[in-house]
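Pasted below: my_file.tsv, TSV, N, CA and C atoms and all ligand atoms.
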chain	number	residue	atom	x	y	z
A	785	MET	N	-21.04	-21.03	22.83
A	785	MET	CA	-21.07	-19.72	22.16
A	785	MET	C	-19.65	-19.16	22.02
A	786	ASN	N	-19.30	-18.87	20.83
A	786	ASN	CA	-18.00	-18.26	20.62
A	786	ASN	C	-18.16	-17.06	19.69
A	787	GLU	N	-18.20	-15.88	20.28
A	787	GLU	CA	-18.45	-14.67	19.51
A	787	GLU	C	-17.15	-13.98	19.10
A	788	ARG	N	-16.04	-14.55	19.46
A	788	ARG	CA	-14.78	-13.84	19.28
A	788	ARG	C	-14.18	-14.05	17.90
A	789	SER	N	-14.69	-15.03	17.17
A	789	SER	CA	-14.07	-15.35	15.89
A	789	SER	C	-14.22	-14.21	14.88
A	790	GLY	N	-15.23	-13.37	15.06
A	790	GLY	CA	-15.46	-12.27	14.12
A	790	GLY	C	-14.32	-11.29	14.06
A	791	ALA	N	-13.61	-11.15	15.15
A	791	ALA	CA	-12.52	-10.19	15.21
A	791	ALA	C	-11.25	-10.75	14.59
A	792	ARG	N	-11.31	-12.02	14.19
A	792	ARG	CA	-10.10	-12.69	13.73
A	792	ARG	C	-9.48	-11.97	12.54
A	793	GLN	N	-10.26	-11.81	11.50
A	793	GLN	CA	-9.76	-11.13	10.31
A	793	GLN	C	-10.89	-10.37	9.66
A	794	ARG	N	-10.69	-9.08	9.47
A	794	ARG	CA	-11.76	-8.28	8.91
A	794	ARG	C	-11.72	-8.32	7.39
A	795	GLY	N	-12.05	-9.47	6.82
A	795	GLY	CA	-12.07	-9.58	5.37
A	795	GLY	C	-10.72	-9.86	4.75
A	796	TYR	N	-9.69	-9.82	5.52
A	796	TYR	CA	-8.36	-10.08	4.99
A	796	TYR	C	-8.16	-11.60	4.92
A	797	GLY	N	-7.57	-12.15	5.96
A	797	GLY	CA	-7.51	-13.60	6.02
A	797	GLY	C	-6.45	-14.23	5.16
A	798	THR	N	-6.51	-15.53	5.06
A	798	THR	CA	-5.45	-16.29	4.41
A	798	THR	C	-5.36	-16.00	2.92
A	799	ALA	N	-6.49	-15.73	2.28
A	799	ALA	CA	-6.46	-15.45	0.84
A	799	ALA	C	-5.59	-14.22	0.57
A	800	TRP	N	-5.78	-13.20	1.38
A	800	TRP	CA	-4.96	-11.99	1.22
A	800	TRP	C	-3.51	-12.26	1.56
A	801	GLU	N	-3.28	-13.03	2.60
A	801	GLU	CA	-1.91	-13.38	2.98
A	801	GLU	C	-1.17	-14.02	1.80
A	802	LYS	N	-1.86	-14.92	1.13
A	802	LYS	CA	-1.25	-15.61	-0.03
A	802	LYS	C	-1.03	-14.64	-1.17
A	803	ALA	N	-2.04	-13.81	-1.45
A	803	ALA	CA	-1.94	-12.86	-2.56
A	803	ALA	C	-0.82	-11.86	-2.30
A	804	ARG	N	-0.75	-11.41	-1.07
A	804	ARG	CA	0.26	-10.45	-0.66
A	804	ARG	C	1.66	-11.04	-0.83
A	805	ALA	N	1.84	-12.26	-0.35
A	805	ALA	CA	3.14	-12.93	-0.45
A	805	ALA	C	3.54	-13.10	-1.91
A	806	GLY	N	2.55	-13.45	-2.75
A	806	GLY	CA	2.82	-13.64	-4.16
A	806	GLY	C	3.24	-12.33	-4.82
A	807	HIS	N	2.55	-11.26	-4.47
A	807	HIS	CA	2.86	-9.95	-5.04
A	807	HIS	C	4.26	-9.51	-4.64
A	808	LEU	N	4.60	-9.73	-3.39
A	808	LEU	CA	5.93	-9.35	-2.91
A	808	LEU	C	7.02	-10.18	-3.57
A	809	ARG	N	6.68	-11.43	-3.93
A	809	ARG	CA	7.65	-12.27	-4.64
A	809	ARG	C	7.91	-11.72	-6.04
A	810	ASN	N	6.83	-11.26	-6.68
A	810	ASN	CA	6.96	-10.74	-8.04
A	810	ASN	C	7.49	-9.30	-8.06
A	811	HIS	N	7.20	-8.57	-7.01
A	811	HIS	CA	7.62	-7.17	-6.92
A	811	HIS	C	8.29	-6.95	-5.57
A	812	PRO	N	9.54	-7.42	-5.47
A	812	PRO	CA	10.19	-7.45	-4.14
A	812	PRO	C	10.65	-6.09	-3.63
A	813	PHE	N	10.66	-5.07	-4.49
A	813	PHE	CA	11.24	-3.80	-4.04
A	813	PHE	C	10.19	-2.71	-3.91
A	814	CYS	N	10.45	-1.81	-2.98
A	814	CYS	CA	9.55	-0.69	-2.71
A	814	CYS	C	9.47	0.23	-3.93
A	815	VAL	N	8.25	0.40	-4.47
A	815	VAL	CA	8.10	1.20	-5.68
A	815	VAL	C	8.33	2.68	-5.41
A	816	ARG	N	8.07	3.09	-4.19
A	816	ARG	CA	8.24	4.51	-3.84
A	816	ARG	C	9.71	4.86	-3.66
A	817	CYS	N	10.46	3.92	-3.12
A	817	CYS	CA	11.91	4.12	-3.04
A	817	CYS	C	12.50	4.09	-4.45
A	818	GLU	N	12.01	3.12	-5.24
A	818	GLU	CA	12.48	2.96	-6.60
A	818	GLU	C	12.28	4.24	-7.41
A	819	ALA	N	11.16	4.92	-7.14
A	819	ALA	CA	10.83	6.14	-7.88
A	819	ALA	C	11.88	7.23	-7.68
A	820	VAL	N	12.60	7.15	-6.59
A	820	VAL	CA	13.62	8.16	-6.33
A	820	VAL	C	15.02	7.55	-6.38
A	821	GLY	N	15.09	6.36	-7.03
A	821	GLY	CA	16.39	5.76	-7.26
A	821	GLY	C	16.97	5.02	-6.07
A	822	VAL	N	16.11	4.69	-5.12
A	822	VAL	CA	16.57	3.96	-3.94
A	822	VAL	C	16.06	2.53	-4.04
A	823	VAL	N	16.92	1.58	-3.72
A	823	VAL	CA	16.49	0.18	-3.73
A	823	VAL	C	16.26	-0.26	-2.29
A	824	ALA	N	15.01	-0.61	-2.00
A	824	ALA	CA	14.67	-1.08	-0.65
A	824	ALA	C	13.71	-2.25	-0.77
A	825	LEU	N	13.92	-3.24	0.04
A	825	LEU	CA	13.03	-4.40	0.03
A	825	LEU	C	11.65	-4.00	0.54
A	826	ALA	N	10.63	-4.40	-0.21
A	826	ALA	CA	9.26	-4.13	0.22
A	826	ALA	C	8.81	-5.21	1.20
A	827	THR	N	8.06	-4.80	2.18
A	827	THR	CA	7.53	-5.76	3.14
A	827	THR	C	6.01	-5.71	3.20
A	828	VAL	N	5.44	-4.70	2.53
A	828	VAL	CA	4.00	-4.49	2.62
A	828	VAL	C	3.43	-4.29	1.23
A	829	VAL	N	2.23	-4.83	0.99
A	829	VAL	CA	1.52	-4.49	-0.24
A	829	VAL	C	0.49	-3.43	0.12
A	830	ASN	N	0.67	-2.27	-0.49
A	830	ASN	CA	-0.19	-1.13	-0.21
A	830	ASN	C	-1.22	-0.97	-1.32
A	831	HIS	N	-2.38	-0.46	-0.98
A	831	HIS	CA	-3.38	-0.14	-2.00
A	831	HIS	C	-3.18	1.30	-2.44
A	832	ARG	N	-2.91	1.50	-3.73
A	832	ARG	CA	-2.67	2.85	-4.25
A	832	ARG	C	-3.86	3.74	-3.96
A	833	THR	N	-5.03	3.25	-4.31
A	833	THR	CA	-6.26	3.94	-3.95
A	833	THR	C	-6.82	3.24	-2.71
A	834	PRO	N	-6.96	3.97	-1.62
A	834	PRO	CA	-7.45	3.34	-0.39
A	834	PRO	C	-8.76	2.61	-0.64
A	835	HIS	N	-8.80	1.34	-0.27
A	835	HIS	CA	-9.98	0.53	-0.63
A	835	HIS	C	-11.18	0.81	0.27
A	836	ARG	N	-10.91	1.27	1.48
A	836	ARG	CA	-11.98	1.61	2.40
A	836	ARG	C	-13.07	0.53	2.45
A	837	GLY	N	-12.62	-0.71	2.43
A	837	GLY	CA	-13.57	-1.81	2.55
A	837	GLY	C	-14.17	-2.25	1.22
A	838	ASP	N	-13.83	-1.56	0.13
A	838	ASP	CA	-14.34	-1.93	-1.19
A	838	ASP	C	-13.61	-3.17	-1.69
A	839	LYS	N	-14.32	-4.27	-1.82
A	839	LYS	CA	-13.69	-5.55	-2.19
A	839	LYS	C	-13.05	-5.49	-3.57
A	840	LYS	N	-13.71	-4.76	-4.50
A	840	LYS	CA	-13.19	-4.70	-5.85
A	840	LYS	C	-11.84	-3.99	-5.88
A	841	LEU	N	-11.76	-2.87	-5.16
A	841	LEU	CA	-10.51	-2.13	-5.06
A	841	LEU	C	-9.48	-2.96	-4.31
A	842	PHE	N	-9.95	-3.65	-3.30
A	842	PHE	CA	-9.05	-4.42	-2.46
A	842	PHE	C	-8.34	-5.50	-3.25
A	843	TRP	N	-9.07	-6.21	-4.13
A	843	TRP	CA	-8.49	-7.33	-4.87
A	843	TRP	C	-7.98	-6.94	-6.24
A	844	ASP	N	-8.07	-5.68	-6.61
A	844	ASP	CA	-7.58	-5.23	-7.91
A	844	ASP	C	-6.06	-5.13	-7.88
A	845	LYS	N	-5.40	-6.06	-8.61
A	845	LYS	CA	-3.94	-6.10	-8.57
A	845	LYS	C	-3.30	-4.82	-9.09
A	846	LYS	N	-4.02	-4.13	-9.98
A	846	LYS	CA	-3.48	-2.88	-10.50
A	846	LYS	C	-3.44	-1.82	-9.41
A	847	ASN	N	-4.17	-2.07	-8.36
A	847	ASN	CA	-4.23	-1.13	-7.25
A	847	ASN	C	-3.20	-1.46	-6.17
A	848	TRP	N	-2.40	-2.50	-6.43
A	848	TRP	CA	-1.42	-2.90	-5.43
A	848	TRP	C	-0.06	-2.32	-5.75
A	849	GLU	N	0.69	-2.03	-4.72
A	849	GLU	CA	2.08	-1.64	-4.91
A	849	GLU	C	2.88	-2.13	-3.72
A	850	SER	N	4.09	-2.60	-4.02
A	850	SER	CA	4.98	-3.05	-2.96
A	850	SER	C	5.65	-1.84	-2.35
A	851	VAL	N	5.59	-1.75	-1.05
A	851	VAL	CA	6.28	-0.65	-0.37
A	851	VAL	C	7.04	-1.18	0.83
A	852	CYS	N	8.05	-0.41	1.22
A	852	CYS	CA	8.79	-0.76	2.43
A	852	CYS	C	7.98	-0.33	3.64
A	853	GLU	N	8.40	-0.83	4.78
A	853	GLU	CA	7.69	-0.54	6.02
A	853	GLU	C	7.55	0.97	6.24
A	854	GLN	N	8.64	1.67	6.00
A	854	GLN	CA	8.68	3.10	6.26
A	854	GLN	C	7.65	3.85	5.40
A	855	HIS	N	7.62	3.50	4.11
A	855	HIS	CA	6.68	4.18	3.23
A	855	HIS	C	5.25	3.81	3.56
A	856	HIS	N	5.06	2.59	3.96
A	856	HIS	CA	3.71	2.18	4.31
A	856	HIS	C	3.22	2.95	5.53
A	857	ASN	N	4.08	3.10	6.50
A	857	ASN	CA	3.68	3.76	7.73
A	857	ASN	C	3.49	5.25	7.56
A	858	SER	N	4.43	5.89	6.88
A	858	SER	CA	4.35	7.35	6.77
A	858	SER	C	3.47	7.78	5.62
A	859	ALA	N	3.91	7.49	4.40
A	859	ALA	CA	3.22	8.01	3.23
A	859	ALA	C	1.81	7.46	3.08
A	860	ALA	N	1.67	6.16	3.17
A	860	ALA	CA	0.38	5.55	2.87
A	860	ALA	C	-0.70	6.05	3.81
A	861	GLN	N	-0.35	6.23	5.04
A	861	GLN	CA	-1.36	6.65	5.99
A	861	GLN	C	-1.80	8.08	5.75
A	862	ARG	N	-0.87	8.94	5.48
A	862	ARG	CA	-1.24	10.34	5.24
A	862	ARG	C	-1.97	10.48	3.92
A	863	GLU	N	-1.58	9.64	2.97
A	863	GLU	CA	-2.24	9.65	1.67
A	863	GLU	C	-3.73	9.39	1.82
A	864	ASP	N	-4.04	8.56	2.77
A	864	ASP	CA	-5.42	8.23	3.04
A	864	ASP	C	-6.24	9.49	3.33
A	865	ASN	N	-5.63	10.44	3.97
A	865	ASN	CA	-6.35	11.65	4.35
A	865	ASN	C	-6.30	12.73	3.28
A	866	ARG	N	-5.19	12.80	2.56
A	866	ARG	CA	-5.00	13.95	1.67
A	866	ARG	C	-5.17	13.62	0.20
A	867	GLY	N	-5.10	12.35	-0.16
A	867	GLY	CA	-5.22	11.99	-1.55
A	867	GLY	C	-3.90	11.97	-2.29
A	868	TYR	N	-2.84	12.31	-1.61
A	868	TYR	CA	-1.53	12.17	-2.22
A	868	TYR	C	-0.51	11.84	-1.15
A	869	SER	N	0.63	11.36	-1.59
A	869	SER	CA	1.66	10.97	-0.65
A	869	SER	C	2.53	12.16	-0.28
A	870	GLY	N	2.86	12.25	0.97
A	870	GLY	CA	3.73	13.34	1.41
A	870	GLY	C	5.19	12.94	1.42
A	871	ALA	N	5.46	11.75	0.87
A	871	ALA	CA	6.84	11.27	0.88
A	871	ALA	C	7.73	12.17	0.04
A	872	VAL	N	8.92	12.40	0.52
A	872	VAL	CA	9.88	13.25	-0.19
A	872	VAL	C	11.12	12.42	-0.49
A	873	GLY	N	11.58	12.53	-1.72
A	873	GLY	CA	12.74	11.75	-2.14
A	873	GLY	C	14.04	12.35	-1.64
A	874	ALA	N	15.12	11.66	-2.00
A	874	ALA	CA	16.44	12.07	-1.55
A	874	ALA	C	16.80	13.46	-2.08
A	875	ASP	N	16.16	13.85	-3.21
A	875	ASP	CA	16.46	15.16	-3.78
A	875	ASP	C	15.60	16.27	-3.18
A	876	GLY	N	14.76	15.89	-2.22
A	876	GLY	CA	13.95	16.90	-1.55
A	876	GLY	C	12.60	17.16	-2.21
A	877	TRP	N	12.35	16.49	-3.34
A	877	TRP	CA	11.08	16.69	-4.04
A	877	TRP	C	10.11	15.57	-3.69
A	878	PRO	N	8.81	15.87	-3.70
A	878	PRO	CA	7.82	14.82	-3.43
A	878	PRO	C	7.93	13.69	-4.43
A	879	THR	N	7.66	12.46	-3.99
A	879	THR	CA	7.78	11.31	-4.87
A	879	THR	C	6.45	11.00	-5.56
A	880	ASP	N	5.37	11.58	-5.08
A	880	ASP	CA	4.05	11.27	-5.62
A	880	ASP	C	3.65	12.30	-6.66
A	881	PRO	N	3.38	11.85	-7.91
A	881	PRO	CA	3.00	12.80	-8.96
A	881	PRO	C	1.72	13.57	-8.65
A	882	ARG	N	0.92	13.04	-7.73
A	882	ARG	CA	-0.32	13.73	-7.37
A	882	ARG	C	-0.08	14.85	-6.36
A	883	HIS	N	1.13	14.91	-5.85
A	883	HIS	CA	1.45	15.95	-4.87
A	883	HIS	C	1.31	17.33	-5.51
A	884	PRO	N	0.66	18.29	-4.81
A	884	PRO	CA	0.49	19.63	-5.39
A	884	PRO	C	1.81	20.26	-5.80
A	885	GLY	N	2.87	19.92	-5.12
A	885	GLY	CA	4.17	20.50	-5.43
A	885	GLY	C	4.73	20.00	-6.74
A	886	MET	N	4.13	18.96	-7.33
A	886	MET	CA	4.65	18.39	-8.56
A	886	MET	C	4.06	19.04	-9.80
A	887	LYS	N	3.10	19.92	-9.61
A	887	LYS	CA	2.44	20.55	-10.78
A	887	LYS	C	3.42	21.43	-11.55
A	888	GLY	N	3.30	21.38	-12.86
A	888	GLY	CA	4.17	22.21	-13.69
A	888	GLY	C	5.47	21.51	-13.78
B	901	ZN	ZN	10.16	2.77	0.44
Show me, as structure tokens, the structure contained in the file I just sent.
Ligand SMILES: [Zn+2]
Amino acid sequence: MNERSGARQRGYGTAWEKARAGHLRNHPFCVRCEAVGVVALATVVNHRTPHRGDKKLFWDKKNWESVCEQHHNSAAQREDNRGYSGAVGADGWPTDPRHPGMKG
């Protein structure tokens, strides 16, 4: 009996690893840094719309964006709760067009 294999990968697995690596090869720079004129190597593929286990959203390449570690940790996580990114660019303005501060 080996019940531990279920915890190995929660739907991610090698297919995602390959897809992620491919996306990072094609889009090597953080799109959120790029939006504010900063060039930073992306290390993570983030889902623009949190997939919350939805396979269609998860595998939708249009829903992917390359981000750096910092943006993935800070912005992406908070975005999950609020619906927009709290990231602020070098000019002090939010980088996410969905941010309430970007209206007008
Ligand atoms: Zn970044």
Mind dumping a table of every chain A residue within 6.5 Å of ligand ZN 901 (chain B), with the nearest atom pair and its distance in Å to one decimal, using all atoms listed in the file, sorted by chain and rising number, as a Markdown table?
| residue | atom | partner | partner_atom | distance |
| --- | --- | --- | --- | --- |
| A:Cys814 | CA | B:ZN901 | ZN | 4.7 |
| A:Val815 | N | B:ZN901 | ZN | 5.8 |
| A:Arg816 | C | B:ZN901 | ZN | 4.6 |
| A:Cys817 | N | B:ZN901 | ZN | 3.8 |
| A:Glu818 | N | B:ZN901 | ZN | 6.0 |
| A:Ala824 | CA | B:ZN901 | ZN | 6.0 |
| A:Val851 | C | B:ZN901 | ZN | 5.0 |
| A:Cys852 | N | B:ZN901 | ZN | 3.9 |
| A:Glu853 | N | B:ZN901 | ZN | 5.9 |
| A:Gln854 | C | B:ZN901 | ZN | 5.7 |
| A:His855 | N | B:ZN901 | ZN | 4.5 |
| A:His856 | N | B:ZN901 | ZN | 6.2 |
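Taking atom CA of A:Leu825 as the reference point, atom C of A:Leu808 is found at 9.1 Å.
When atom C of A:Val822 is paired with atom C of A:Lys845, their separation reads 21.3 Å.
The two atoms in question, atom CA of A:Pro834 and atom CA of A:Gly873, are spaced 21.9 Å apart.
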Original post:
Which polymer residues have any atom within 7 Å of an atom of A:Trp848, counting only N, CA and C atoms, with same-chain residues fewer than 4 positions away left out, as a PyMOL selection string?
Top reply: chain A and resi 829-833+844
